[in-house]
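**Student:** Once you've had a glance at the structure underneath, I'll fire off some questions.
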Amino acid sequence: MISSNLLHGPNVRLTALTPNDLATIARWYQNADFLRLCDALPAYPKTEETLAQWLEERHKATDTFLFAVRLLDSDDLIGYIELDGILWSHQVGWMSIAIGNSQNWGKGYGYEAMQLALRFAFDELNLHRVQLTVFSYNERAIALYEKLGFQREGVYREFIQRDGRRYDMYLYGLLRREWKAHI
């Protein structure tokens with residue numbers, strides 16, 4: 001039977017990310033703590049114009065699926081999730097997630113959004129493998145990925161420098177059969 005809830009969970013849903021969402025995302029991109037969790041680049045604020053270019057590039061790409069994460073009851077934008085760098089001939093793609101405001105952290109929204117995106121990746125896109133990277137200091141994200149069944153497959157030792165200290169970056173992967181066994 002075909003699922004009518006492919007992009008809807010009990011608390012969040014995945015929708016298209018639109019130019020109307022950019023003001024909210026630009027506010028997140030003013031927060032260095034948020035930026036340091038999401039990107040290896042220096043924590044530098046981004047404008048709506050810069051984000052508009054980013055969004056346009058994502059919409060044009062044939063190897064990228066970008067979703068807004070919205071609360072089901074209010075439709076508020078709380079984050080985004082992306083499948084990108086998809087190698088169609090190998091059925092492999094990268095995943096990333098960002099939940100913007102810290103008041104939405106630790107409530108299970110990221111877990112639910114990742115479950116929806118993984119179902120999309122494996123059932124709709126027919127991917128065999130989804131992979132991601134995470135900085136060793138992002139313990140909340142590491143716990144989330146491991147709860148979802150991702151396996152730590154590699155370490156980029158002392159990959160990133162933050163505040164005068166070096167941190168590793170981990171590579172995690174999840175195969176379709178592992179995901180199916182986990183759900």
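Naming works like this for the structure tokens: A, B, ... for the chains as they're shown, residue 1 at the start of each chain, ligands 1 onward in shown order.
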If DSSP is run on the backbone, what residues of chain A are strand (DSSP E)? A reply as a ChimeraX atom specification would be ideal.
**Tutor:** /A:12-16,65-71,77-87,92-99,129-135,151-162,165-175
**Student:** Please provide the set of residues having any atom within 8 Å of Thr133 of chain A, restricted to only C-alpha atoms, with same-chain residues fewer than 2 positions apart removed, written as a PyMOL selection string.
**Tutor:** chain A and resi 131+135+169-172
**Student:** Hey, which of A:Ile99, A:Leu127, A:Leu7, A:Ala32 ends up closest to Leu174 of chain A? Count only C-alpha atoms.
**Tutor:**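 Once distances to Leu174 of chain A are computed over only C-alpha atoms, the minimum belongs to A:Leu127.
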**Student:** Excluding Arg70 of chain A and residues on its chain fewer than 5 positions from it, collect all residues at most 9 Å away from it, counting only C-alpha atoms, and give them as a PyMOL selection string.
**Tutor:** chain A and resi 11-15+75-80
**Student:** Find the residues around segment 151-166 of chain A up to 10 Å (only C-alpha atoms counted), leave out those fewer than 6 positions away in its own chain, and share them as a list in words.
**Tutor:**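 Close residues of segment 151-166 of chain A: Arg36, Ala40, Leu41, Pro42, Ala43, Gln131, Leu132, Thr133, Val134, Phe135, Ser136, Tyr137, Ile142, Tyr145, Tyr172, Gly173, Leu174, Leu175 and Glu178 of chain A.
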**Student:** Mind pulling up the distance from atom CA of Ala117 of chain A to atom CA of Asn138 of chain A?
**Tutor:**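 Those two atoms sit 20.4 Å apart.
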**Student:** Using only C-alpha atoms, find the one residue out of A:Ser89, A:Glu48, A:Ser102, A:Gly9 that sits nearest to Met114 of chain A.
**Tutor:**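 Result for the nearest residue to Met114 of chain A: A:Gly9.
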